[in-house]
Protein chains: 4
Amino acid sequence: MCRWLAYSGTPILLDSILYLPKHSLIDQSLHAKLGVETTNGDGFGVGWYGAHTDTPAVVRDIGPAWSNRNLREIAGHVRSPLFFAHIRASTGSSVQETNCHPFRHGRWMWMHNGAIEGFDRIRRDLALAVDPELFLSIEGSTDSELMFYLALTFGLEQDPPGAVARMAGLVERVGRERGVEYPLQMTVAVTDGQRLWAFRYSTRKVSRSLFYSTRVETLRSLHPDVAFLREVSDETRLIVSEPLGDLPGAWNEIPEGRYGIVQPEGDVMRHFTPRAV
Amino acid sequence: MCRWLAYSGTPILLDSILYLPKHSLIDQSLHAKLGVETTNGDGFGVGWYGAHTDTPAVVRDIGPAWSNRNLREIAGHVRSPLFFAHIRASTGSSVQETNCHPFRHGRWMWMHNGAIEGFDRIRRDLALAVDPELFLSIEGSTDSELMFYLALTFGLEQDPPGAVARMAGLVERVGRERGVEYPLQMTVAVTDGQRLWAFRYSTRKVSRSLFYSTRVETLRSLHPDVAFLREVSDETRLIVSEPLGDLPGAWNEIPEGRYGIVQPEGDVMRHFTPRAV
Amino acid sequence: MCRWLAYSGTPILLDSILYLPKHSLIDQSLHAKLGVETTNGDGFGVGWYGAHTDTPAVVRDIGPAWSNRNLREIAGHVRSPLFFAHIRASTGSSVQETNCHPFRHGRWMWMHNGAIEGFDRIRRDLALAVDPELFLSIEGSTDSELMFYLALTFGLEQDPPGAVARMAGLVERVGRERGVEYPLQMTVAVTDGQRLWAFRYSTRKVSRSLFYSTRVETLRSLHPDVAFLREVSDETRLIVSEPLGDLPGAWNEIPEGRYGIVQPEGDVMRHFTPRAV
Amino acid sequence: MCRWLAYSGTPILLDSILYLPKHSLIDQSLHAKLGVETTNGDGFGVGWYGAHTDTPAVVRDIGPAWSNRNLREIAGHVRSPLFFAHIRASTGSSVQETNCHPFRHGRWMWMHNGAIEGFDRIRRDLALAVDPELFLSIEGSTDSELMFYLALTFGLEQDPPGAVARMAGLVERVGRERGVEYPLQMTVAVTDGQRLWAFRYSTRKVSRSLFYSTRVETLRSLHPDVAFLREVSDETRLIVSEPLGDLPGAWNEIPEGRYGIVQPEGDVMRHFTPRAV
């Protein structure tokens with residue numbers, strides 16, 4: 001189990017989201033409430049888009065986030081309009097930087113909470129399905145990174161929902177061929193630096209939790225006293241594994257089998273179904 | 001808060017104690033039950049005496065014990081008649097190897113669970129009280145290491161209970177001079193490779209938990225079916241922050257304000273009182 | 001021996017200086033030319049001032065700079081008008097983050113190349129001379145950090161050259177009292193985020209190398225073809241342990257026993273002499 | 001480029017070989033003489049067989065060996081009759097534990113110095129040739145580990161020289177199909193805990209250096225004054241990337257295209273030729 005958050009909106013210091021909220025992601029690294037495990041101490045990562053390049057910076061480390069000074073330094077000095085953060089609880093693969101999220105390919109970032117059930121049995125078949133050119137960029141040994149490269153193989157850069165649907169379809173088909181009843185369990189966030197897609201899906205229809213923040217203008221009228229809400233634009237949106245605090249009305253669960261798009265032309269939510277490949 | 005264990009007896013593979021018990025120390029690194037915090041992920045250390053040298057080996061690292069492969073390798077291949085293991089939950093000082101327990105000086109090892117209350121206010125005074133020659137060997141910034149060097153200054157190598165009592169007396173006197181009502185909270189284990197001393201004391205008389213294992217011959221008659229008990233000698237003894245399993249009759253709490261000595265001529269338990277210095 | 005650089009001028013991406021030059025600081029971590037050792041692999045640090053806060057961000061790690069991915073990520077995405085970078089070759093103290101430069105206190109940063117000769121003999125006396133309030137902020141075990149806290153004790157924030165002169169005077173006096181003939185060897189950079197001071201001094205008058213870059217307008221007329229020079233302002237200045245490339249006319253040695261100030265009102269260089277304390 | 005050593009013979013403390021010799025492996029981590037690079041600071045590993053289990057212990061870490069305290073502790077307290085040690089200079093793949101040598105499979109260990117030329121172009125084809133069951137055990141991203149798993153696929157556990165010859169044959173065939181003229185460059189050591197095989201081969205016939213130690217009884221008569229030689233048995237043998245000291249007559253180069261076997265029934269050296277697969 002892992003925890004993640006994705007932020008899009010008014011450029012802010014990362015620590016406004018990573019450290020300051022009452023039940024912040026860093027707090028969740030020690031005390032997660034909604035996950036299978038309460039501790040997420042097997043590495044972390046943060047990826048952000050800045051003003052100077054299209055490609056995001058990705059900083060990852062293998063220790064727990066809660067005691068990492070460099071993460072705190074970066075969070076206290078870097079401002080970004082779109083960033084990902086992830087804390088990891090390994091389900092078996094090595095604790096090493098190349099297994100930490102977010103993963104990056106060009107200007108795309110990807111992070112995941114969940115698992116491919118029976119991964120050992122199907123890992124090789126999935127690896128073979130990755131485009132040979134892309135295969136060379138795989139650095140770690142997680143199911144999550146492999147899911148990213150499968151999605152890239154299936155056209156993530158052209159049609160993210162379609163590519164993720166095909167990736168999910170492949171995982172389910174290959175898994176079932178190898179005798180795995182419920183192969184896929186995922187919440188995934190992916191971005192190109194402009195738009196942000198978040199998916200919640202599992203074969204068993206019992207997916208890991210996922211929440212999105214209420215529209216800022218609605219929140220502002222609910223909570224006229226919360227200063228933070230006056231500083232961020234209406235387009236600001238957070239998607240999180242679990243709520244960062246207990247502000248009434250602030251958090252909405254993304255239902256089973258859905259994906260959301262956070263984008264300048266208006267956010268939308270749609271049904272998600274794996275596609276046969 | 002930290003967790004520790006000290007083993008003395010029949011030479012065994014470290015993992016018999018560190019990994020195999022149901023509620024082993026490694027399990028406690030994720031799920032401690034009796035501590036202030038459930039997670040002890042801010043570094044760990046293991047120190048053992050072997051056949052080839054009087055000085056113990058001390059291996060420490062800054063990540064969580066639960067995911068450390070090198071600890072598992074060492075534990076699975078090193079056999080020792082006397083070893084210490086410690087998992088750390090930092091109460092503020094840096095997560096770095098020189099702040100991990102056990103600390104070593106010559107053939108002596110020391111580890112601690114607890115804290116000096118108001119340490120910031122009295123750290124400098126305590127540092128000044130350390131013998132100038134010994135001062136140079138202090139490498140880290142913890143209260144625990146400083147307590148060790150104070151005890152060494154007060155004659156730990158000649159009279160361990162007396163030296164620890166003077167150390168405790170100094171901490172309490174200086175603490176009170178600086179306005180700290182309850183300066184000391186400790187369970188401490190110390191050894192010279194032959195004998196093992198374990199102290200439980202706090203100024204407030206509400207010390208962290210500490211347990212010792214029942215005599216092996218008694219346990220054997222209680223549990224004739226437990227293979228492990230047939231393999232270890234009668235002199236085998238474990239002292240732990242919290243029980244490693246739930247074998248009925250196996251664990252006894254060390255009362256408040258006591259210290260025990262595990263030694264070839266028979267184990268004893270005595271009252272502990274800080275001594276004015 | 002260590003290597004360091006200090007940059008002040010037009011805001012640029014850190015990697016323009018840290019990675020791109022032919023004999024960049026990162027290259028020097030593997031292949032230093034002018035130092036006692038060619039390898040500087042015992043940790044590194046970078047500290048930068050940004051637009052959003054007066055306090056610099058300081059990121060440090062214990063591995064070699066040459067293979068550190070996070071440093072490369074940060075360098076490729078962070079822009080700053082004033083930053084320090086340091087690569088360490090330990091002269092004995094532990095390889096840990098709290099021993100890596102730059103050190104920070106409030107909005108001040110400090111870094112050092114050199115050593116206090118016979119540090120073991122005089123460390124305690126020097127520690128005692130640190131202001132008790134400041135003493136609590138010392139986290140590591142290096143001579144370099146202690147020099148910083150002595151300078152702070154002697155008024156660094158009011159009069160940097162005077163405070164550094166007193167620190168040097170104290171080190172020399174105490175060293176000689178303890179029988180050290182040549183106690184001090186240093187090149188030091190210190191900044192408050194506005195101005196930058198660089199010192200070159202050793203008791204023996206054989207100090208480690210230190211260079212400053214030629215005025216940009218002069219360089220521009222010498223090398224009209226170098227694009228980089230057209231992009232940076234006239235006020236841009238680099239101070240380095242060894243030249244970053246071999247551009248003719250670009251580098252000037254700071255003579256023995258001098259310090260330079262890089263500041264908006266015009267850079268100056270002056271004689272440096274320790275002051276008795 | 002990397003450096004490695006393999007020891008077989010009288011059980012000794014690891015530091016007798018790793019730290020004590022004048023030009024020890026740890027010294028080579030900073031100052032290698034015969035390699036492409038003088039610094040081998042991208043991780044290290046040591047693997048040893050003990051008295052208590054058939055499977056070797058393998059301890060690896062990502063920092064430089066020269067400053068690693070845990071390596072020194074282990075080396076000073078662990079005694080073994082057969083051990084491998086390796087210091088790494090990455091040729092591109094990540095600096096992470098799963099890329100550090102030696103690699104282990106069951107009771108077998110493998111380490112490598114060299115590279116597969118054009119690895120990016122042929123990595124996928126080689127990965128596909130690994131037995132699907134074995135494929136799951138691959139944890140890192142190096143050519144070296146992949147070579148190990150190919151050799152295992154080709155029957156390393158039954159016929160080490162034959163399996164390594166087939167592995168080399170495959171690498172050369174696939175490499176040439178992809179336009180790589182000289183695909184393989186290697187010195188390899190492999191052991192099952194009883195016997196030790198060492199290979200020196202490169203397609204170009206210009207292999208990395210490899211040496212074996214002279215028979216102990218011969219050395220003893222040459223150097224009757226060297227105490228160490230009186231303590232080790234006649235069967236003791238070292239194989240090293242470069243000599244550990246300058247004892248005259250102690251080191252012999254393994255010629256191009258050869259492999260040696262260190263074994264109880266007498267050491268032998270034979271020609272090595274890749275085998276078509």
# chains A, B, ... in the order shown; residues from 1 in each chain; ligands from 1

call {"tool": "closest_atom_pairs", "arguments": {"of": "chain C", "to": "chain B", "cutoff": "9 Å", "atoms": "only C-alpha atoms", "output": "tab-separated table"}}
result
residue	atom	partner	partner_atom	distance
C:Ser93	CA	B:Glu139	CA	8.2
C:Ser94	CA	B:Glu139	CA	7.7
C:Gln96	CA	B:Gln96	CA	6.4
C:Glu97	CA	B:Gln96	CA	7.6
C:Thr98	CA	B:Ser94	CA	7.8
C:Asp120	CA	B:Leu136	CA	6.3
C:Arg121	CA	B:Leu136	CA	8.3
C:Arg123	CA	B:Leu136	CA	7.6
C:Arg124	CA	B:Pro132	CA	7.1
C:Leu128	CA	B:Leu128	CA	8.0
C:Pro132	CA	B:Arg124	CA	7.2
C:Glu133	CA	B:Arg121	CA	9.0
C:Phe135	CA	B:Arg124	CA	7.3
C:Leu136	CA	B:Asp120	CA	6.3
C:Ile138	CA	B:Ser141	CA	8.6
C:Glu139	CA	B:Ser141	CA	6.3
C:Gly140	CA	B:Gly140	CA	6.9
C:Ser141	CA	B:Glu139	CA	6.4

call {"tool": "select_by_dssp", "arguments": {"residues": "range 144-207 of chain C", "states": "alpha helix (DSSP H)", "output": "CSV table (one decimal) with N, CA and C atoms, in the first residue's frame"}}
result
chain,number,residue,atom,x,y,z
C,144,SER,N,34.9,22.2,10.5
C,144,SER,CA,34.3,23.3,9.7
C,144,SER,C,33.0,23.9,10.4
C,145,GLU,N,32.2,23.1,10.9
C,145,GLU,CA,30.9,23.6,11.5
C,145,GLU,C,31.3,24.3,12.8
C,146,LEU,N,32.2,23.8,13.5
C,146,LEU,CA,32.6,24.5,14.7
C,146,LEU,C,33.2,25.9,14.4
C,147,MET,N,34.0,26.0,13.4
C,147,MET,CA,34.5,27.3,12.9
C,147,MET,C,33.4,28.3,12.7
C,148,PHE,N,32.3,27.7,12.0
C,148,PHE,CA,31.2,28.6,11.7
C,148,PHE,C,30.5,29.1,13.0
C,149,TYR,N,30.3,28.2,14.0
C,149,TYR,CA,29.7,28.6,15.2
C,149,TYR,C,30.6,29.5,16.1
C,150,LEU,N,31.9,29.3,15.9
C,150,LEU,CA,32.8,30.3,16.6
C,150,LEU,C,32.6,31.7,16.0
C,151,ALA,N,32.6,31.7,14.6
C,151,ALA,CA,32.5,33.0,13.9
C,151,ALA,C,31.1,33.6,14.3
C,152,LEU,N,30.1,32.8,14.4
C,152,LEU,CA,28.8,33.4,14.8
C,152,LEU,C,28.9,34.0,16.2
C,153,THR,N,29.6,33.2,17.1
C,153,THR,CA,29.8,33.7,18.5
C,153,THR,C,30.5,35.0,18.5
C,160,PRO,N,31.4,40.3,9.4
C,160,PRO,CA,31.9,39.0,9.0
C,160,PRO,C,33.5,39.0,9.0
C,161,PRO,N,34.2,39.9,8.4
C,161,PRO,CA,35.7,39.8,8.4
C,161,PRO,C,36.2,39.8,9.8
C,162,GLY,N,35.6,40.6,10.7
C,162,GLY,CA,36.1,40.7,12.0
C,162,GLY,C,35.9,39.4,12.8
C,163,ALA,N,34.7,38.8,12.6
C,163,ALA,CA,34.3,37.6,13.3
C,163,ALA,C,35.2,36.4,12.8
C,164,VAL,N,35.4,36.4,11.5
C,164,VAL,CA,36.3,35.3,11.0
C,164,VAL,C,37.7,35.5,11.5
C,165,ALA,N,38.2,36.7,11.6
C,165,ALA,CA,39.5,37.0,12.1
C,165,ALA,C,39.6,36.6,13.6
C,166,ARG,N,38.6,36.8,14.4
C,166,ARG,CA,38.6,36.4,15.8
C,166,ARG,C,38.6,34.8,15.9
C,167,MET,N,37.8,34.2,15.0
C,167,MET,CA,37.7,32.8,15.0
C,167,MET,C,39.1,32.2,14.7
C,168,ALA,N,39.7,32.8,13.7
C,168,ALA,CA,41.1,32.3,13.3
C,168,ALA,C,42.1,32.5,14.4
C,169,GLY,N,41.9,33.7,15.1
C,169,GLY,CA,42.8,34.0,16.2
C,169,GLY,C,42.7,33.0,17.3
C,170,LEU,N,41.4,32.7,17.6
C,170,LEU,CA,41.2,31.7,18.7
C,170,LEU,C,41.8,30.3,18.4
C,171,VAL,N,41.5,29.9,17.2
C,171,VAL,CA,42.0,28.6,16.8
C,171,VAL,C,43.5,28.6,16.9
C,172,GLU,N,44.2,29.6,16.4
C,172,GLU,CA,45.7,29.6,16.5
C,172,GLU,C,46.2,29.7,17.9
C,173,ARG,N,45.5,30.5,18.8
C,173,ARG,CA,46.0,30.6,20.1
C,173,ARG,C,45.8,29.3,20.9
C,174,VAL,N,44.6,28.7,20.8
C,174,VAL,CA,44.3,27.4,21.5
C,174,VAL,C,45.2,26.3,20.9
C,175,GLY,N,45.4,26.3,19.6
C,175,GLY,CA,46.2,25.3,19.0
C,175,GLY,C,47.6,25.4,19.5
C,176,ARG,N,48.2,26.6,19.5
C,176,ARG,CA,49.5,26.7,20.0
C,176,ARG,C,49.7,26.3,21.4
C,177,GLU,N,48.7,26.7,22.2
C,177,GLU,CA,48.7,26.3,23.6
C,177,GLU,C,48.8,24.8,23.8

call {"tool": "atom_distance", "arguments": {"atom1": "CA of Ala85 in chain D", "atom2": "CA of Ser67 in chain C"}}
result
21.3 Å

call {"tool": "closest_residue", "arguments": {"among": "D:Asp192, D:Tyr182, D:Pro255, D:Arg208", "to": "His105 in chain D", "atoms": "only C-alpha atoms"}}
result
D:Asp192

call {"tool": "residues_around", "arguments": {"residues": "range 113-116 of chain A", "least_positions_apart": "4", "cutoff": "9 Å", "atoms": "only C-alpha atoms", "output": "number ranges by chain"}}
result
A: 1-4, 86, 88, 91, 122, 143-144, 171, 175, 182-188, 202, 207-208, 241

call {"tool": "select_by_dssp", "arguments": {"residues": "range 79-154 of chain B", "states": "strand (DSSP E)", "output": "list in words"}}
result
Arg79, Ser80, Pro81, Leu82, Phe83, Phe84, Ala85, His86, Ile87, Phe103, Arg104, His105, Trp108, Met109, Trp110, Met111, His112, Asn113, Gly114, Ala115 and Ile116 of chain B

call {"tool": "write_last_selection", "arguments": {"atoms": "N, CA, C and O atoms", "output": "short mmCIF file (atom, residue, chain, number, x, y, z; two decimals), in the first residue's frame"}}
result
data_model
loop_
_atom_site.label_atom_id
_atom_site.label_comp_id
_atom_site.auth_asym_id
_atom_site.auth_seq_id
_atom_site.Cartn_x
_atom_site.Cartn_y
_atom_site.Cartn_z
N ARG B 79 26.55 -15.98 14.44
CA ARG B 79 26.16 -16.66 15.66
C ARG B 79 26.89 -15.98 16.80
O ARG B 79 28.08 -15.66 16.67
N SER B 80 26.21 -15.74 17.89
CA SER B 80 26.85 -15.02 18.99
C SER B 80 26.25 -15.42 20.32
O SER B 80 25.05 -15.71 20.42
N PRO B 81 27.06 -15.42 21.37
CA PRO B 81 26.57 -15.73 22.71
C PRO B 81 26.07 -14.49 23.46
O PRO B 81 25.49 -14.61 24.53
N LEU B 82 26.32 -13.30 22.89
CA LEU B 82 25.91 -12.08 23.60
C LEU B 82 25.75 -10.98 22.56
O LEU B 82 26.73 -10.57 21.93
N PHE B 83 24.54 -10.52 22.39
CA PHE B 83 24.35 -9.44 21.42
C PHE B 83 23.25 -8.49 21.83
O PHE B 83 22.36 -8.84 22.60
N PHE B 84 23.36 -7.29 21.30
CA PHE B 84 22.39 -6.21 21.51
C PHE B 84 21.74 -5.89 20.16
O PHE B 84 22.41 -5.94 19.13
N ALA B 85 20.48 -5.50 20.19
CA ALA B 85 19.84 -4.98 18.98
C ALA B 85 18.92 -3.84 19.39
O ALA B 85 18.30 -3.89 20.46
N HIS B 86 18.83 -2.84 18.55
CA HIS B 86 18.10 -1.61 18.90
C HIS B 86 17.44 -1.04 17.66
O HIS B 86 18.04 -1.01 16.59
N ILE B 87 16.21 -0.63 17.79
CA ILE B 87 15.52 0.07 16.71
C ILE B 87 15.11 1.43 17.23
O ILE B 87 14.66 1.56 18.36
N PHE B 103 26.01 2.00 21.20
CA PHE B 103 27.27 2.74 21.18
C PHE B 103 28.34 1.83 21.75
O PHE B 103 28.07 0.96 22.58
N ARG B 104 29.56 2.02 21.28
CA ARG B 104 30.65 1.15 21.73
C ARG B 104 31.82 2.00 22.20
O ARG B 104 32.13 3.04 21.62
N HIS B 105 32.47 1.52 23.26
CA HIS B 105 33.72 2.12 23.68
C HIS B 105 34.61 0.97 24.13
O HIS B 105 34.28 0.30 25.12
N TRP B 108 33.07 -2.30 25.52
CA TRP B 108 31.78 -2.01 26.13
C TRP B 108 30.75 -1.56 25.10
O TRP B 108 31.05 -0.86 24.15
N MET B 109 29.49 -1.99 25.34
CA MET B 109 28.38 -1.52 24.51
C MET B 109 27.29 -0.98 25.41
O MET B 109 27.08 -1.48 26.52
N TRP B 110 26.54 -0.03 24.86
CA TRP B 110 25.50 0.68 25.61
C TRP B 110 24.32 0.94 24.68
O TRP B 110 24.51 1.36 23.54
N MET B 111 23.11 0.72 25.19
CA MET B 111 21.95 1.18 24.42
C MET B 111 20.88 1.65 25.38
O MET B 111 20.86 1.28 26.55
N HIS B 112 19.97 2.45 24.86
CA HIS B 112 19.06 3.22 25.71
C HIS B 112 17.71 3.37 25.02
O HIS B 112 17.62 3.53 23.82
N ASN B 113 16.67 3.34 25.84
CA ASN B 113 15.35 3.74 25.41
C ASN B 113 14.87 4.78 26.42
O ASN B 113 14.92 4.54 27.62
N GLY B 114 14.42 5.91 25.93
CA GLY B 114 13.98 6.97 26.84
C GLY B 114 14.48 8.31 26.35
O GLY B 114 14.72 8.49 25.15
N ALA B 115 14.63 9.24 27.28
CA ALA B 115 15.06 10.57 26.87
C ALA B 115 15.47 11.37 28.10
O ALA B 115 15.00 11.10 29.22
N ILE B 116 16.35 12.32 27.88
CA ILE B 116 16.59 13.34 28.89
C ILE B 116 15.64 14.49 28.57
O ILE B 116 15.69 15.07 27.49
#

call {"tool": "residues_around", "arguments": {"residues": "range 235-238 of chain C", "least_positions_apart": "6", "cutoff": "9 Å", "atoms": "only C-alpha atoms", "output": "PyMOL selection string"}}
result
chain C and resi 5-10+81+211-216+262-264+266-267

call {"tool": "atom_distance", "arguments": {"atom1": "CA of Thr38 in chain C", "atom2": "CA of Val206 in chain C"}}
result
18.9 Å

call {"tool": "residues_around", "arguments": {"residues": "Ala65 in chain C", "least_positions_apart": "5", "cutoff": "12 Å", "atoms": "only C-alpha atoms", "output": "ChimeraX atom specification"}}
result
/C:3,18-19,24-30,39-46,59-60,70-72,75,85-89,100 /D:41-42,63-64,95

call {"tool": "residues_around", "arguments": {"residues": "Trp197 in chain A", "least_positions_apart": "2", "cutoff": "7 Å", "atoms": "only C-alpha atoms", "output": "list in words"}}
result
Ala189, Val190, Thr191, Arg195, Phe199, Tyr259, Gly260, Ile261 and Val262 of chain A

call {"tool": "write_last_selection", "arguments": {"atoms": "C-alpha atoms", "output": "compact mmCIF listing (two decimals), in the first residue's frame"}}
result
# COMPACT_ATOMS: atom_id res chain seq x y z
CA ALA A 189 -2.29 9.52 -11.43
CA VAL A 190 -0.69 10.58 -14.68
CA THR A 191 0.13 14.00 -16.13
CA ARG A 195 -3.58 18.02 -17.66
CA PHE A 199 -7.97 6.49 -12.23
CA TYR A 259 -11.39 8.42 -13.87
CA GLY A 260 -11.20 12.16 -13.58
CA ILE A 261 -9.47 14.76 -15.73
CA VAL A 262 -8.21 18.01 -14.24
